[in-house]
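Student: Next up, my_file-v5.pdb (PDB, C-alpha atoms, pLDDT in the B column).
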```pdb
ATOM      1  CA  MET V 136      40.018  92.426 178.200  1.00 64.00           C
ATOM      2  CA  LYS V 137      39.604  94.633 175.116  1.00 77.00           C
ATOM      3  CA  LYS V 138      42.185  94.143 172.426  1.00 90.00           C
ATOM      4  CA  LEU V 139      43.687  97.393 171.214  1.00 92.00           C
ATOM      5  CA  SER V 140      43.796  98.142 167.531  1.00 94.00           C
ATOM      6  CA  VAL V 141      47.379  98.818 166.509  1.00 96.00           C
ATOM      7  CA  TYR V 142      47.909 101.615 163.986  1.00 96.00           C
ATOM      8  CA  LEU V 143      51.332 101.409 162.369  1.00 96.00           C
ATOM      9  CA  CYS V 144      52.533 104.688 160.918  1.00 95.00           C
ATOM     10  CA  GLY V 145      55.656 105.861 159.165  1.00 94.00           C
ATOM     11  CA  PHE V 146      56.886 106.973 155.779  1.00 93.00           C
ATOM     12  CA  MET V 147      56.117 105.032 152.623  1.00 90.00           C
ATOM     13  CA  GLY V 148      58.340 101.947 152.491  1.00 91.00           C
ATOM     14  CA  CYS V 149      59.140 101.874 156.234  1.00 94.00           C
ATOM     15  CA  GLY V 150      57.739  98.331 156.529  1.00 94.00           C
ATOM     16  CA  LYS V 151      54.257  98.899 157.987  1.00 95.00           C
ATOM     17  CA  SER V 152      52.508  96.216 155.910  1.00 94.00           C
ATOM     18  CA  HIS V 153      55.216  93.584 156.152  1.00 96.00           C
ATOM     19  CA  VAL V 154      55.768  94.058 159.893  1.00 98.00           C
ATOM     20  CA  GLY V 155      52.013  94.353 160.437  1.00 98.00           C
ATOM     21  CA  ARG V 156      51.463  90.893 158.944  1.00 98.00           C
ATOM     22  CA  LEU V 157      54.111  89.423 161.269  1.00 98.00           C
ATOM     23  CA  ILE V 158      52.495  91.066 164.306  1.00 98.00           C
ATOM     24  CA  ALA V 159      49.000  89.925 163.306  1.00 98.00           C
ATOM     25  CA  ALA V 160      50.188  86.345 162.819  1.00 98.00           C
ATOM     26  CA  THR V 161      51.884  86.257 166.224  1.00 97.00           C
ATOM     27  CA  LEU V 162      48.969  87.866 168.077  1.00 96.00           C
ATOM     28  CA  ASN V 163      46.381  85.909 166.064  1.00 96.00           C
ATOM     29  CA  ARG V 164      44.632  89.062 164.874  1.00 96.00           C
ATOM     30  CA  ARG V 165      43.302  90.430 161.628  1.00 96.00           C
ATOM     31  CA  PHE V 166      45.752  92.467 159.540  1.00 97.00           C
ATOM     32  CA  LEU V 167      44.543  95.283 157.323  1.00 95.00           C
ATOM     33  CA  ASP V 168      46.424  97.531 154.959  1.00 94.00           C
ATOM     34  CA  LEU V 169      44.483 100.827 155.031  1.00 94.00           C
ATOM     35  CA  ASP V 170      45.387 101.692 151.440  1.00 90.00           C
ATOM     36  CA  ARG V 171      44.094  98.319 150.166  1.00 93.00           C
ATOM     37  CA  TYR V 172      40.998  98.680 152.333  1.00 95.00           C
ATOM     38  CA  ILE V 173      40.272 102.069 150.719  1.00 96.00           C
ATOM     39  CA  VAL V 174      40.883 100.713 147.204  1.00 95.00           C
ATOM     40  CA  ASN V 175      38.427  97.867 147.830  1.00 96.00           C
ATOM     41  CA  ALA V 176      35.822 100.082 149.504  1.00 96.00           C
ATOM     42  CA  GLU V 177      35.991 102.821 146.865  1.00 96.00           C
ATOM     43  CA  GLY V 178      36.390 100.548 143.839  1.00 97.00           C
ATOM     44  CA  MET V 179      39.290 102.524 142.369  1.00 95.00           C
ATOM     45  CA  SER V 180      43.049 102.665 142.717  1.00 92.00           C
ATOM     46  CA  ILE V 181      44.830 105.256 144.824  1.00 88.00           C
ATOM     47  CA  PRO V 182      46.226 107.010 141.723  1.00 87.00           C
ATOM     48  CA  GLU V 183      42.650 107.171 140.348  1.00 93.00           C
ATOM     49  CA  ILE V 184      41.345 108.641 143.612  1.00 94.00           C
ATOM     50  CA  PHE V 185      44.148 111.239 143.629  1.00 89.00           C
ATOM     51  CA  GLU V 186      43.534 112.106 139.960  1.00 91.00           C
ATOM     52  CA  LYS V 187      39.758 112.277 140.195  1.00 95.00           C
ATOM     53  CA  PHE V 188      39.265 113.835 143.629  1.00 96.00           C
ATOM     54  CA  GLY V 189      42.688 115.047 144.820  1.00 91.00           C
ATOM     55  CA  GLU V 190      44.849 114.296 147.837  1.00 86.00           C
ATOM     56  CA  PRO V 191      42.601 116.083 150.404  1.00 90.00           C
ATOM     57  CA  HIS V 192      39.710 113.749 149.483  1.00 94.00           C
ATOM     58  CA  PHE V 193      41.982 110.716 149.872  1.00 91.00           C
ATOM     59  CA  ARG V 194      43.024 111.954 153.339  1.00 88.00           C
ATOM     60  CA  GLN V 195      39.313 112.249 154.244  1.00 91.00           C
ATOM     61  CA  LEU V 196      38.802 108.634 153.162  1.00 94.00           C
ATOM     62  CA  GLU V 197      41.720 107.558 155.367  1.00 91.00           C
ATOM     63  CA  ALA V 198      40.128 109.378 158.312  1.00 90.00           C
ATOM     64  CA  LYS V 199      36.754 107.773 157.609  1.00 92.00           C
ATOM     65  CA  TYR V 200      37.983 104.210 157.223  1.00 93.00           C
ATOM     66  CA  ILE V 201      40.487 104.235 160.077  1.00 91.00           C
ATOM     67  CA  ARG V 202      37.496 104.761 162.376  1.00 89.00           C
ATOM     68  CA  GLU V 203      35.954 101.544 161.037  1.00 86.00           C
ATOM     69  CA  LEU V 204      39.051  99.581 161.984  1.00 84.00           C
ATOM     70  CA  SER V 205      39.040 100.051 165.757  1.00 83.00           C
ATOM     71  CA  ASP V 206      38.214  96.395 166.453  1.00 88.00           C
ATOM     72  CA  GLY V 207      41.544  95.049 167.684  1.00 92.00           C
ATOM     73  CA  SER V 208      43.007  94.773 164.179  1.00 94.00           C
ATOM     74  CA  ILE V 209      46.601  95.428 163.218  1.00 97.00           C
ATOM     75  CA  VAL V 210      46.379  98.299 160.711  1.00 96.00           C
ATOM     76  CA  ALA V 211      49.116  99.473 158.387  1.00 96.00           C
ATOM     77  CA  THR V 212      48.097 103.074 157.803  1.00 93.00           C
ATOM     78  CA  GLY V 213      49.058 104.887 154.639  1.00 82.00           C
ATOM     79  CA  GLY V 214      52.148 107.082 154.841  1.00 76.00           C
ATOM     80  CA  GLY V 215      49.970 110.164 155.251  1.00 81.00           C
ATOM     81  CA  ALA V 216      47.094 108.853 157.373  1.00 87.00           C
ATOM     82  CA  LEU V 217      48.362 109.946 160.772  1.00 87.00           C
ATOM     83  CA  ILE V 218      49.619 113.334 159.612  1.00 85.00           C
ATOM     84  CA  ASN V 219      45.986 114.405 160.011  1.00 85.00           C
ATOM     85  CA  ASP V 220      45.797 115.509 163.658  1.00 85.00           C
ATOM     86  CA  ASP V 221      42.162 114.399 164.101  1.00 87.00           C
ATOM     87  CA  THR V 222      42.876 110.953 162.661  1.00 89.00           C
ATOM     88  CA  ALA V 223      46.013 110.656 164.793  1.00 90.00           C
ATOM     89  CA  LYS V 224      44.044 111.681 167.895  1.00 90.00           C
ATOM     90  CA  PHE V 225      41.437 109.009 167.131  1.00 91.00           C
ATOM     91  CA  ALA V 226      44.179 106.363 166.728  1.00 91.00           C
ATOM     92  CA  ARG V 227      45.859 107.395 170.005  1.00 89.00           C
ATOM     93  CA  GLU V 228      42.599 107.383 171.945  1.00 90.00           C
ATOM     94  CA  ASN V 229      41.172 104.179 170.442  1.00 90.00           C
ATOM     95  CA  GLY V 230      44.225 102.019 170.018  1.00 93.00           C
ATOM     96  CA  LEU V 231      47.985 102.070 169.985  1.00 95.00           C
ATOM     97  CA  SER V 232      49.688 104.171 167.302  1.00 95.00           C
ATOM     98  CA  VAL V 233      53.264 103.105 166.642  1.00 97.00           C
ATOM     99  CA  TYR V 234      55.754 105.002 164.474  1.00 97.00           C
ATOM    100  CA  ILE V 235      58.186 102.745 162.604  1.00 97.00           C
ATOM    101  CA  ASN V 236      61.149 105.094 162.255  1.00 97.00           C
ATOM    102  CA  THR V 237      63.072 103.868 159.205  1.00 97.00           C
ATOM    103  CA  ALA V 238      65.880 105.816 157.505  1.00 96.00           C
ATOM    104  CA  PHE V 239      64.886 107.748 154.382  1.00 95.00           C
ATOM    105  CA  GLU V 240      67.471 105.911 152.261  1.00 94.00           C
ATOM    106  CA  VAL V 241      65.890 102.556 153.128  1.00 94.00           C
ATOM    107  CA  CYS V 242      62.366 103.808 152.420  1.00 93.00           C
ATOM    108  CA  CYS V 243      63.426 105.465 149.168  1.00 89.00           C
ATOM    109  CA  LYS V 244      65.074 102.278 147.906  1.00 89.00           C
ATOM    110  CA  ARG V 245      61.904 100.280 148.654  1.00 89.00           C
ATOM    111  CA  ILE V 246      59.440 102.699 147.021  1.00 84.00           C
ATOM    112  CA  SER V 247      61.497 103.800 144.023  1.00 80.00           C
ATOM    113  CA  GLY V 248      59.466 103.483 140.831  1.00 74.00           C
ATOM    114  CA  ASP V 249      56.267 102.320 142.581  1.00 71.00           C
ATOM    115  CA  THR V 250      53.559 103.468 140.175  1.00 68.00           C
ATOM    116  CA  ASN V 251      50.840 102.839 142.768  1.00 71.00           C
ATOM    117  CA  ARG V 252      52.203 105.697 144.890  1.00 76.00           C
ATOM    118  CA  PRO V 253      51.233 109.068 143.371  1.00 70.00           C
ATOM    119  CA  LEU V 254      53.580 110.969 145.686  1.00 74.00           C
ATOM    120  CA  VAL V 255      56.509 108.831 144.493  1.00 72.00           C
ATOM    121  CA  MET V 256      55.631 109.286 140.835  1.00 74.00           C
ATOM    122  CA  ASN V 257      55.071 113.054 141.116  1.00 75.00           C
ATOM    123  CA  ASN V 258      58.115 114.012 143.196  1.00 78.00           C
ATOM    124  CA  THR V 259      61.890 113.883 142.861  1.00 85.00           C
ATOM    125  CA  PRO V 260      63.935 111.984 145.465  1.00 86.00           C
ATOM    126  CA  GLU V 261      64.913 115.370 146.939  1.00 91.00           C
ATOM    127  CA  GLN V 262      61.259 116.386 147.261  1.00 92.00           C
ATOM    128  CA  LEU V 263      60.452 113.022 148.840  1.00 89.00           C
ATOM    129  CA  GLU V 264      63.253 113.502 151.377  1.00 93.00           C
ATOM    130  CA  GLU V 265      61.832 116.917 152.255  1.00 94.00           C
ATOM    131  CA  LEU V 266      58.398 115.304 152.724  1.00 91.00           C
ATOM    132  CA  TYR V 267      60.001 112.523 154.801  1.00 94.00           C
ATOM    133  CA  ASN V 268      61.627 115.068 157.121  1.00 95.00           C
ATOM    134  CA  LYS V 269      58.418 117.065 157.503  1.00 94.00           C
ATOM    135  CA  ARG V 270      56.349 113.954 158.222  1.00 92.00           C
ATOM    136  CA  ALA V 271      58.909 112.454 160.635  1.00 94.00           C
ATOM    137  CA  GLU V 272      58.238 115.313 163.065  1.00 93.00           C
ATOM    138  CA  ILE V 273      54.485 114.759 162.765  1.00 93.00           C
ATOM    139  CA  TYR V 274      54.778 110.983 163.247  1.00 93.00           C
ATOM    140  CA  ARG V 275      56.835 111.551 166.413  1.00 93.00           C
ATOM    141  CA  ARG V 276      54.235 113.963 167.744  1.00 92.00           C
ATOM    142  CA  ASN V 277      51.190 111.866 166.810  1.00 90.00           C
ATOM    143  CA  ALA V 278      52.291 108.329 167.727  1.00 93.00           C
ATOM    144  CA  VAL V 279      52.124 106.866 171.218  1.00 93.00           C
ATOM    145  CA  CYS V 280      55.327 104.850 170.676  1.00 96.00           C
ATOM    146  CA  MET V 281      58.262 104.815 168.273  1.00 97.00           C
ATOM    147  CA  VAL V 282      60.375 101.813 167.250  1.00 98.00           C
ATOM    148  CA  ASN V 283      63.611 101.597 165.305  1.00 97.00           C
ATOM    149  CA  GLY V 284      62.778 100.513 161.762  1.00 97.00           C
ATOM    150  CA  ASN V 285      66.426 100.116 160.734  1.00 96.00           C
ATOM    151  CA  THR V 286      66.767  96.525 161.897  1.00 95.00           C
ATOM    152  CA  ARG V 287      65.420  93.083 160.959  1.00 95.00           C
ATOM    153  CA  ASP V 288      61.666  92.783 160.425  1.00 96.00           C
ATOM    154  CA  THR V 289      61.315  90.189 163.180  1.00 97.00           C
ATOM    155  CA  VAL V 290      63.067  92.471 165.689  1.00 97.00           C
ATOM    156  CA  ILE V 291      60.710  95.336 164.785  1.00 98.00           C
ATOM    157  CA  ALA V 292      57.659  93.064 165.054  1.00 98.00           C
ATOM    158  CA  ASP V 293      58.806  91.655 168.412  1.00 98.00           C
ATOM    159  CA  GLU V 294      59.316  95.151 169.797  1.00 98.00           C
ATOM    160  CA  ILE V 295      55.797  96.189 168.765  1.00 98.00           C
ATOM    161  CA  ILE V 296      54.298  92.957 170.152  1.00 98.00           C
ATOM    162  CA  LYS V 297      55.927  93.752 173.519  1.00 97.00           C
ATOM    163  CA  LEU V 298      54.387  97.238 173.398  1.00 97.00           C
ATOM    164  CA  VAL V 299      50.933  95.824 172.573  1.00 96.00           C
ATOM    165  CA  ARG V 300      51.126  93.344 175.442  1.00 95.00           C
ATOM    166  CA  PHE V 301      52.287  96.068 177.822  1.00 95.00           C
ATOM    167  CA  TYR V 302      49.500  98.487 176.846  1.00 93.00           C
ATOM    168  CA  GLU V 303      46.882  95.740 177.011  1.00 93.00           C
ATOM    169  CA  GLY V 304      48.183  94.614 180.366  1.00 88.00           C
ATOM    170  CA  SER V 305      48.785  91.039 179.221  1.00 71.00           C
TER     171      SER V 305
END
```
Show the structure stored in the file as structure tokens.

Tutor:
Amino acid sequence: MKKLSVYLCGFMGCGKSHVGRLIAATLNRRFLDLDRYIVNAEGMSIPEIFEKFGEPHFRQLEAKYIRELSDGSIVATGGGALINDDTAKFARENGLSVYINTAFEVCCKRISGDTNRPLVMNNTPEQLEELYNKRAEIYRRNAVCMVNGNTRDTVIADEIIKLVRFYEGS
């Protein structure tokens, strides 16, 4: 039986990487953080990519690399990866895309002052909340499943593991 790749999506700070590691450990699968994968593949930081080539280029890199990760891995996508309809369609058709729906206040607290996040550094909290609200609609539309991200990490991970097992038929 083919193992589905799991693409975790949600706003910056919703817990994709942390929860993704828990899921990968339980399911004995490889975990990948898409942002880190891009940094390693491109040999420059995300702020450098944004500064040198702009956000649209970074979104193209996300689309390119997410296609390389359809091997049964657990993938924490960047906050903006699945806002691209083509990338989201690929994730839906080649794996299981799961939206971790975490309250803005929780996300904001976690990402506040993170200099590795250009969108955090270049926007006010009010602008980030506007972006959060805009993206939340897109995540809902583009993900196959949605889980409550406002609970303990182990509860979130367990819920996603149940979804993976259901969709894989195991």

Student: Using all atoms listed in the file, which residue out of V:Lys297, V:Arg202, V:Arg252, V:Arg275 lies closest to Ile181 of chain V?

Tutor: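 Ranking V:Lys297, V:Arg202, V:Arg252, V:Arg275 by distance to Ile181 of chain V, first place goes to V:Arg252.
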
Student: Name the residues captured by the PyMOL selection byres ((chain V and resi 227) around 10) when it is applied to the shown file; answer as a ChimeraX atom specification.

Tutor: /V:140-142,217,221-226,228-233,277-280

Student: So that I can see what lies close to Tyr267 of chain V, please list as a PyMOL selection string the residues with an atom at most 10 Å from it, counting all atoms listed in the file and leaving out residues fewer than 6 positions away in the same chain.

Tutor: chain V and resi 145-147+214+238-239+242-243+261+273

Student: Any idea what's packed within 12 Å of Pro182 of chain V, counting only C-alpha atoms, ignoring anything in its chain fewer than 2 positions away? Could you give it as a PyMOL selection string?

Tutor: chain V and resi 170+173-174+178-180+184-190+193+249-257

Student: Let me see the file: selected residues, C-alpha atoms, as a PDB file, keeping the file's coordinate frame.

Tutor:
```pdb
ATOM      1  CA  ASP V 170      45.387 101.692 151.440  1.00 90.00           C
ATOM      2  CA  ILE V 173      40.272 102.069 150.719  1.00 96.00           C
ATOM      3  CA  VAL V 174      40.883 100.713 147.204  1.00 95.00           C
ATOM      4  CA  GLY V 178      36.390 100.548 143.839  1.00 97.00           C
ATOM      5  CA  MET V 179      39.290 102.524 142.369  1.00 95.00           C
ATOM      6  CA  SER V 180      43.049 102.665 142.717  1.00 92.00           C
ATOM      7  CA  ILE V 184      41.345 108.641 143.612  1.00 94.00           C
ATOM      8  CA  PHE V 185      44.148 111.239 143.629  1.00 89.00           C
ATOM      9  CA  GLU V 186      43.534 112.106 139.960  1.00 91.00           C
ATOM     10  CA  LYS V 187      39.758 112.277 140.195  1.00 95.00           C
ATOM     11  CA  PHE V 188      39.265 113.835 143.629  1.00 96.00           C
ATOM     12  CA  GLY V 189      42.688 115.047 144.820  1.00 91.00           C
ATOM     13  CA  GLU V 190      44.849 114.296 147.837  1.00 86.00           C
ATOM     14  CA  PHE V 193      41.982 110.716 149.872  1.00 91.00           C
ATOM     15  CA  ASP V 249      56.267 102.320 142.581  1.00 71.00           C
ATOM     16  CA  THR V 250      53.559 103.468 140.175  1.00 68.00           C
ATOM     17  CA  ASN V 251      50.840 102.839 142.768  1.00 71.00           C
ATOM     18  CA  ARG V 252      52.203 105.697 144.890  1.00 76.00           C
ATOM     19  CA  PRO V 253      51.233 109.068 143.371  1.00 70.00           C
ATOM     20  CA  LEU V 254      53.580 110.969 145.686  1.00 74.00           C
ATOM     21  CA  VAL V 255      56.509 108.831 144.493  1.00 72.00           C
ATOM     22  CA  MET V 256      55.631 109.286 140.835  1.00 74.00           C
ATOM     23  CA  ASN V 257      55.071 113.054 141.116  1.00 75.00           C
TER      24      ASN V 257
END
```

Student: Looking at V:Arg245, V:Arg300, V:Lys138, V:Arg287, which one is nearest to Arg164 of chain V, with distances taken over all atoms listed in the file?

Tutor: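 Going through V:Arg245, V:Arg300, V:Lys138, V:Arg287 one by one, the smallest distance to Arg164 of chain V is for V:Lys138.
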
Student: Just to confirm, what's the straight-line distance from atom CA of Leu157 of chain V to atom CA of Thr289 of chain V in Å (one decimal)?

Tutor: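 Between atom CA of Leu157 of chain V and atom CA of Thr289 of chain V the gap works out to 7.5 Å.
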
Student: Using all atoms listed in the file, pick whichever of V:Gly284, V:Gly304, V:Pro191, V:Gly150 has the shortest atom-to-atom distance to Thr212 of chain V.

Tutor: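 Using all atoms listed in the file, Thr212 of chain V sits closest to V:Gly150.
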
Student: Give as a PyMOL selection string the residues that the PyMOL selection byres ((chain V and resi 303) around 8) matches when applied to the coordinates above.

Tutor: chain V and resi 136-139+299-302+304-305

Student: By how many Å are atom CA of Thr237 of chain V and atom CA of Asn283 of chain V apart?

Tutor: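 Distance reported for this atom pair: 6.5 Å.
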
Student: For the PyMOL selection byres ((chain V and resi 288) around 12), applied here, can you spell out every residue it catches as a list of chain:residue names?

Tutor: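 This file, filtered by the PyMOL selection byres ((chain V and resi 288) around 12), leaves V:Cys149, V:Gly150, V:Lys151, V:Ser152, V:His153, V:Val154, V:Gly155, V:Arg156, V:Leu157, V:Ile158, V:Ile235, V:Thr237, V:Val282, V:Asn283, V:Gly284, V:Asn285, V:Thr286, V:Arg287, V:Thr289, V:Val290, V:Ile291, V:Ala292, V:Asp293, V:Glu294, V:Ile295.
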
Student: Just checking: using only C-alpha atoms, which residue out of V:Asn163, V:Glu272, V:Ile246, V:Gly213 ends up closest to Arg194 of chain V?

Tutor: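 Nearest candidate to Arg194 of chain V out of V:Asn163, V:Glu272, V:Ile246, V:Gly213: V:Gly213.
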
Student: Can you work out the spacing between atom CA of Ile209 of chain V and atom CA of Ala159 of chain V in Å, to one decimal?

Tutor: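 Rounded to one decimal, the two atoms are 6.0 Å apart.
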
Student: Please list, as a ChimeraX atom specification, the residues that have an atom at most 8 Å away from (44.3, 96.7, 162.0) in the coordinates of this file, counting all atoms listed in the file.

Tutor: /V:140-142,165-168,204-211

Student: With all atoms of segment 177-195 of chain V from the file as input, state the centre and edge lengths in Å to one decimal of the axis-aligned box that has 8 Å extra on each side, as AutoDock Vina command-line options.

Tutor:
```
--center_x 41.1 --center_y 108.3 --center_z 147.1 --size_x 26.2 --size_y 31.5 --size_z 30.3
```

Student: Give the answer as one residue: which of V:Arg276, V:Asn236, V:Ala176, V:Pro260 has the shortest atom-to-atom distance to Glu203 of chain V, using only C-alpha atoms?

Tutor: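 Of V:Arg276, V:Asn236, V:Ala176, V:Pro260, the one nearest Glu203 of chain V is V:Ala176, counting only C-alpha atoms.
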